[in-house]
$ cat data23.cif   # mmCIF, C-alpha atoms
data_protein
loop_
_atom_site.group_PDB
_atom_site.id
_atom_site.type_symbol
_atom_site.label_atom_id
_atom_site.label_comp_id
_atom_site.auth_asym_id
_atom_site.auth_seq_id
_atom_site.Cartn_x
_atom_site.Cartn_y
_atom_site.Cartn_z
ATOM 1 C CA MET A 1 150.430 -62.968 -3.827
ATOM 2 C CA ASN A 2 146.700 -62.603 -3.216
ATOM 3 C CA GLU A 3 145.421 -62.057 0.304
ATOM 4 C CA SER A 4 141.780 -62.966 1.052
ATOM 5 C CA ILE A 5 139.770 -60.793 3.434
ATOM 6 C CA THR A 6 136.130 -59.824 3.824
ATOM 7 C CA LEU A 7 134.783 -56.767 2.065
ATOM 8 C CA LYS A 8 134.154 -55.270 5.511
ATOM 9 C CA GLU A 9 137.930 -55.300 6.156
ATOM 10 C CA LEU A 10 138.783 -53.441 2.942
ATOM 11 C CA ARG A 11 140.164 -50.017 3.850
ATOM 12 C CA PRO A 12 139.102 -46.801 2.113
ATOM 13 C CA GLY A 13 141.165 -46.219 -1.026
ATOM 14 C CA CYS A 14 141.961 -49.923 -1.499
ATOM 15 C CA ARG A 15 140.800 -52.140 -4.352
ATOM 16 C CA ALA A 16 140.094 -55.856 -4.396
ATOM 17 C CA VAL A 17 138.426 -58.515 -6.524
ATOM 18 C CA VAL A 18 135.369 -60.460 -5.323
ATOM 19 C CA SER A 19 136.200 -64.135 -4.805
ATOM 20 C CA GLY A 20 133.065 -65.404 -3.058
ATOM 21 C CA MET A 21 129.846 -64.634 -1.239
ATOM 22 C CA SER A 22 128.159 -66.466 1.624
ATOM 23 C CA SER A 23 124.989 -64.327 1.592
ATOM 24 C CA SER A 24 121.770 -66.111 0.735
ATOM 25 C CA GLY A 25 118.223 -65.407 -0.272
ATOM 26 C CA SER A 26 117.073 -61.927 -1.219
ATOM 27 C CA MET A 27 120.259 -60.228 0.009
ATOM 28 C CA ARG A 28 122.387 -62.402 -2.281
ATOM 29 C CA ARG A 29 120.075 -61.533 -5.176
ATOM 30 C CA ARG A 30 120.307 -57.787 -4.413
ATOM 31 C CA LEU A 31 124.099 -57.877 -4.260
ATOM 32 C CA MET A 32 124.272 -59.747 -7.553
ATOM 33 C CA ASP A 33 121.784 -57.320 -9.134
ATOM 34 C CA ILE A 34 124.073 -54.369 -8.349
ATOM 35 C CA GLY A 35 126.943 -56.185 -10.048
ATOM 36 C CA LEU A 36 128.691 -57.717 -7.059
ATOM 37 C CA THR A 37 129.657 -61.025 -8.642
ATOM 38 C CA GLU A 38 132.817 -63.135 -8.685
ATOM 39 C CA ASN A 39 135.842 -61.433 -10.314
ATOM 40 C CA THR A 40 134.292 -57.941 -9.998
ATOM 41 C CA THR A 41 136.707 -55.199 -8.935
ATOM 42 C CA VAL A 42 135.531 -53.280 -5.860
ATOM 43 C CA GLU A 43 137.014 -50.155 -4.277
ATOM 44 C CA CYS A 44 136.169 -48.895 -0.798
ATOM 45 C CA VAL A 45 135.586 -45.154 -1.208
ATOM 46 C CA GLY A 46 134.660 -44.361 2.387
ATOM 47 C CA ARG A 47 132.808 -45.113 5.579
ATOM 48 C CA SER A 48 130.030 -43.201 7.282
ATOM 49 C CA ALA A 49 130.899 -41.153 10.371
ATOM 50 C CA ALA A 50 129.639 -43.956 12.605
ATOM 51 C CA GLY A 51 131.546 -46.567 10.557
ATOM 52 C CA ASP A 52 128.495 -48.300 9.114
ATOM 53 C CA PRO A 53 127.605 -48.478 6.238
ATOM 54 C CA SER A 54 130.622 -48.250 3.956
ATOM 55 C CA ALA A 55 130.580 -46.971 0.383
ATOM 56 C CA TYR A 56 132.034 -49.074 -2.436
ATOM 57 C CA LEU A 57 132.652 -48.319 -6.100
ATOM 58 C CA ILE A 58 131.174 -51.255 -8.013
ATOM 59 C CA ARG A 59 131.051 -51.181 -11.826
ATOM 60 C CA GLY A 60 130.997 -47.379 -11.924
ATOM 61 C CA ALA A 61 128.364 -46.846 -9.212
ATOM 62 C CA VAL A 62 128.905 -46.002 -5.556
ATOM 63 C CA ILE A 63 126.887 -48.378 -3.375
ATOM 64 C CA ALA A 64 126.493 -48.312 0.430
ATOM 65 C CA ILE A 65 126.632 -51.750 2.033
ATOM 66 C CA ARG A 66 126.052 -52.484 5.718
ATOM 67 C CA SER A 67 128.775 -54.198 7.743
ATOM 68 C CA GLU A 68 126.647 -57.264 8.412
ATOM 69 C CA ASP A 69 126.322 -57.807 4.662
ATOM 70 C CA SER A 70 129.879 -56.868 3.668
ATOM 71 C CA GLU A 71 131.383 -59.373 6.106
ATOM 72 C CA LYS A 72 129.786 -62.172 4.052
ATOM 73 C CA ILE A 73 131.691 -61.190 0.905
ATOM 74 C CA THR A 74 135.233 -62.478 0.367
ATOM 75 C CA VAL A 75 137.674 -60.449 -1.704
ATOM 76 C CA ARG A 76 141.293 -60.835 -2.850
ATOM 77 C CA ILE A 77 143.770 -57.999 -2.504
ATOM 78 C CA ARG A 78 146.545 -58.078 -5.066
ATOM 79 C CA ARG A 79 149.918 -57.083 -3.686
#

$ encode --input "data23.cif" --output "structure tokens"
Amino acid sequence: MNESITLKELRPGCRAVVSGMSSSGSMRRRLMDIGLTENTTVECVGRSAAGDPSAYLIRGAVIAIRSEDSEKITVRIRR
């Protein structure tokens, strides 16, 4: 079964697959430019000491994404 959550809710060490994005404008373009598109596997590799931003492994690169942006990305966890 696949559970849908936001990327912000993904815990460190967990993997998921991008299922949608509600970002718009230049932020949507930036996220797509770094490879964050539908069906991309994403792994949360950690959070900063203050909890924001979080680091994600996306297509072989570690990218920091702020909470306000990661909550607009929907992912599916495979269980």

$ atom_distance --input "data23.cif" --atom1 "atom CA of A:Leu7" --atom2 "atom CA of A:Ser70"
5.2 Å

$ atom_distance --input "data23.cif" --atom1 "atom CA of A:Glu3" --atom2 "atom CA of A:Ala49"
27.4 Å

$ resolve_selection --input "data23.cif" --expression "the PyMOL selection byres ((chain A and resi 16) around 9)" --output "list in words"
Leu7, Leu10, Cys14, Arg15, Val17, Val18, Thr40, Thr41, Val42, Glu43, Cys44, Val75, Arg76, Ile77 and Arg78 of chain A

$ write_last_selection --input "data23.cif" --atoms "C-alpha atoms" --output "compact mmCIF listing (two decimals), in the coordinates of the input"
# COMPACT_ATOMS: atom_id res chain seq x y z
CA LEU A 7 134.78 -56.77 2.06
CA LEU A 10 138.78 -53.44 2.94
CA CYS A 14 141.96 -49.92 -1.50
CA ARG A 15 140.80 -52.14 -4.35
CA VAL A 17 138.43 -58.52 -6.52
CA VAL A 18 135.37 -60.46 -5.32
CA THR A 40 134.29 -57.94 -10.00
CA THR A 41 136.71 -55.20 -8.94
CA VAL A 42 135.53 -53.28 -5.86
CA GLU A 43 137.01 -50.16 -4.28
CA CYS A 44 136.17 -48.90 -0.80
CA VAL A 75 137.67 -60.45 -1.70
CA ARG A 76 141.29 -60.84 -2.85
CA ILE A 77 143.77 -58.00 -2.50
CA ARG A 78 146.54 -58.08 -5.07

$ closest_residue --input "data23.cif" --among "A:Lys72, A:Met21, A:Ser26, A:Pro12" --to "A:Val45" --atoms "only C-alpha atoms"
A:Pro12

$ residues_around --input "data23.cif" --residues "A:Ala64" --least-positions-apart "3" --cutoff "6 Å" --atoms "only C-alpha atoms" --output "NGL selection string"
:A and (53-55)

$ closest_residue --input "data23.cif" --among "A:Ile5, A:Ile73, A:Val62, A:Ala50" --to "A:Leu31" --atoms "all atoms listed in the file"
A:Ile73

$ closest_residue --input "data23.cif" --among "A:Ser4, A:Met27, A:Thr74, A:Leu36" --to "A:Tyr56" --atoms "only C-alpha atoms"
A:Leu36

$ axis_aligned_box --input "data23.cif" --around "stretch 62-77 of chain A" --padding-each-side "4 Å" --output "JSON"
{"center_x": 134.9, "center_y": -54.2, "center_z": 1.4, "size_x": 25.7, "size_y": 24.5, "size_z": 22.0}

$ atom_distance --input "data23.cif" --atom1 "atom CA of A:Ser48" --atom2 "atom CA of A:Gly25"
26.3 Å

$ closest_residue --input "data23.cif" --among "A:Gly20, A:Asp52, A:Leu57, A:Ile63" --to "A:Lys8" --atoms "only C-alpha atoms"
A:Asp52

$ decode --input "data23.cif" --residues "stretch 55-76 of chain A" --atoms "N, CA, C and O atoms" --output "PDB file, in the first residue's frame"
ATOM      1  N   ALA A  55      17.694  18.154   4.344  1.00  0.00           N
ATOM      2  CA  ALA A  55      18.510  17.743   3.206  1.00  0.00           C
ATOM      3  C   ALA A  55      17.915  16.484   2.590  1.00  0.00           C
ATOM      4  O   ALA A  55      17.533  15.548   3.305  1.00  0.00           O
ATOM      5  N   TYR A  56      17.833  16.467   1.261  1.00  0.00           N
ATOM      6  CA  TYR A  56      17.251  15.347   0.530  1.00  0.00           C
ATOM      7  C   TYR A  56      18.212  14.883  -0.551  1.00  0.00           C
ATOM      8  O   TYR A  56      18.845  15.704  -1.216  1.00  0.00           O
ATOM      9  N   LEU A  57      18.293  13.570  -0.730  1.00  0.00           N
ATOM     10  CA  LEU A  57      19.070  12.994  -1.822  1.00  0.00           C
ATOM     11  C   LEU A  57      18.138  12.869  -3.014  1.00  0.00           C
ATOM     12  O   LEU A  57      17.158  12.123  -2.976  1.00  0.00           O
ATOM     13  N   ILE A  58      18.454  13.632  -4.068  1.00  0.00           N
ATOM     14  CA  ILE A  58      17.624  13.679  -5.273  1.00  0.00           C
ATOM     15  C   ILE A  58      18.531  13.433  -6.476  1.00  0.00           C
ATOM     16  O   ILE A  58      19.411  14.255  -6.751  1.00  0.00           O
ATOM     17  N   ARG A  59      18.343  12.306  -7.140  1.00  0.00           N
ATOM     18  CA  ARG A  59      19.120  11.972  -8.341  1.00  0.00           C
ATOM     19  C   ARG A  59      20.630  12.092  -8.126  1.00  0.00           C
ATOM     20  O   ARG A  59      21.359  12.627  -8.952  1.00  0.00           O
ATOM     21  N   GLY A  60      21.093  11.619  -6.967  1.00  0.00           N
ATOM     22  CA  GLY A  60      22.523  11.589  -6.685  1.00  0.00           C
ATOM     23  C   GLY A  60      23.107  12.842  -6.070  1.00  0.00           C
ATOM     24  O   GLY A  60      24.293  12.877  -5.752  1.00  0.00           O
ATOM     25  N   ALA A  61      22.309  13.872  -5.874  1.00  0.00           N
ATOM     26  CA  ALA A  61      22.790  15.123  -5.268  1.00  0.00           C
ATOM     27  C   ALA A  61      22.017  15.400  -3.989  1.00  0.00           C
ATOM     28  O   ALA A  61      20.810  15.138  -3.911  1.00  0.00           O
ATOM     29  N   VAL A  62      22.697  15.912  -2.987  1.00  0.00           N
ATOM     30  CA  VAL A  62      22.036  16.296  -1.742  1.00  0.00           C
ATOM     31  C   VAL A  62      21.630  17.759  -1.861  1.00  0.00           C
ATOM     32  O   VAL A  62      22.460  18.637  -2.109  1.00  0.00           O
ATOM     33  N   ILE A  63      20.330  17.999  -1.691  1.00  0.00           N
ATOM     34  CA  ILE A  63      19.750  19.335  -1.860  1.00  0.00           C
ATOM     35  C   ILE A  63      19.029  19.728  -0.578  1.00  0.00           C
ATOM     36  O   ILE A  63      18.260  18.932  -0.026  1.00  0.00           O
ATOM     37  N   ALA A  64      19.250  20.953  -0.100  1.00  0.00           N
ATOM     38  CA  ALA A  64      18.536  21.476   1.069  1.00  0.00           C
ATOM     39  C   ALA A  64      17.281  22.192   0.583  1.00  0.00           C
ATOM     40  O   ALA A  64      17.350  23.030  -0.316  1.00  0.00           O
ATOM     41  N   ILE A  65      16.152  21.849   1.195  1.00  0.00           N
ATOM     42  CA  ILE A  65      14.879  22.461   0.819  1.00  0.00           C
ATOM     43  C   ILE A  65      14.196  22.958   2.097  1.00  0.00           C
ATOM     44  O   ILE A  65      14.086  22.217   3.075  1.00  0.00           O
ATOM     45  N   ARG A  66      13.739  24.196   2.060  1.00  0.00           N
ATOM     46  CA  ARG A  66      13.059  24.788   3.213  1.00  0.00           C
ATOM     47  C   ARG A  66      11.711  24.110   3.454  1.00  0.00           C
ATOM     48  O   ARG A  66      11.071  23.613   2.530  1.00  0.00           O
ATOM     49  N   SER A  67      11.266  24.150   4.697  1.00  0.00           N
ATOM     50  CA  SER A  67       9.993  23.539   5.080  1.00  0.00           C
ATOM     51  C   SER A  67       8.818  24.106   4.299  1.00  0.00           C
ATOM     52  O   SER A  67       7.934  23.371   3.879  1.00  0.00           O
ATOM     53  N   GLU A  68       8.812  25.409   4.096  1.00  0.00           N
ATOM     54  CA  GLU A  68       7.684  26.028   3.390  1.00  0.00           C
ATOM     55  C   GLU A  68       7.578  25.543   1.951  1.00  0.00           C
ATOM     56  O   GLU A  68       6.498  25.524   1.378  1.00  0.00           O
ATOM     57  N   ASP A  69       8.696  25.122   1.373  1.00  0.00           N
ATOM     58  CA  ASP A  69       8.673  24.591   0.011  1.00  0.00           C
ATOM     59  C   ASP A  69       8.412  23.087   0.005  1.00  0.00           C
ATOM     60  O   ASP A  69       7.705  22.584  -0.863  1.00  0.00           O
ATOM     61  N   SER A  70       8.965  22.370   0.975  1.00  0.00           N
ATOM     62  CA  SER A  70       8.798  20.913   1.002  1.00  0.00           C
ATOM     63  C   SER A  70       7.379  20.494   1.381  1.00  0.00           C
ATOM     64  O   SER A  70       6.958  19.390   1.057  1.00  0.00           O
ATOM     65  N   GLU A  71       6.625  21.367   2.034  1.00  0.00           N
ATOM     66  CA  GLU A  71       5.248  21.006   2.371  1.00  0.00           C
ATOM     67  C   GLU A  71       4.313  21.096   1.165  1.00  0.00           C
ATOM     68  O   GLU A  71       3.169  20.653   1.226  1.00  0.00           O
ATOM     69  N   LYS A  72       4.806  21.612   0.050  1.00  0.00           N
ATOM     70  CA  LYS A  72       4.011  21.712  -1.175  1.00  0.00           C
ATOM     71  C   LYS A  72       4.293  20.566  -2.147  1.00  0.00           C
ATOM     72  O   LYS A  72       3.801  20.561  -3.263  1.00  0.00           O
ATOM     73  N   ILE A  73       5.093  19.605  -1.692  1.00  0.00           N
ATOM     74  CA  ILE A  73       5.455  18.456  -2.519  1.00  0.00           C
ATOM     75  C   ILE A  73       4.867  17.197  -1.892  1.00  0.00           C
ATOM     76  O   ILE A  73       5.098  16.921  -0.719  1.00  0.00           O
ATOM     77  N   THR A  74       4.084  16.460  -2.675  1.00  0.00           N
ATOM     78  CA  THR A  74       3.456  15.232  -2.197  1.00  0.00           C
ATOM     79  C   THR A  74       4.288  14.038  -2.635  1.00  0.00           C
ATOM     80  O   THR A  74       4.739  13.977  -3.777  1.00  0.00           O
ATOM     81  N   VAL A  75       4.497  13.115  -1.688  1.00  0.00           N
ATOM     82  CA  VAL A  75       5.269  11.911  -1.990  1.00  0.00           C
ATOM     83  C   VAL A  75       4.502  10.680  -1.517  1.00  0.00           C
ATOM     84  O   VAL A  75       3.620  10.767  -0.668  1.00  0.00           O
ATOM     85  N   ARG A  76       4.858   9.520  -2.098  1.00  0.00           N
ATOM     86  CA  ARG A  76       4.262   8.240  -1.709  1.00  0.00           C
ATOM     87  C   ARG A  76       5.328   7.383  -1.040  1.00  0.00           C
ATOM     88  O   ARG A  76       6.401   7.172  -1.611  1.00  0.00           O
TER      89      ARG A  76
END
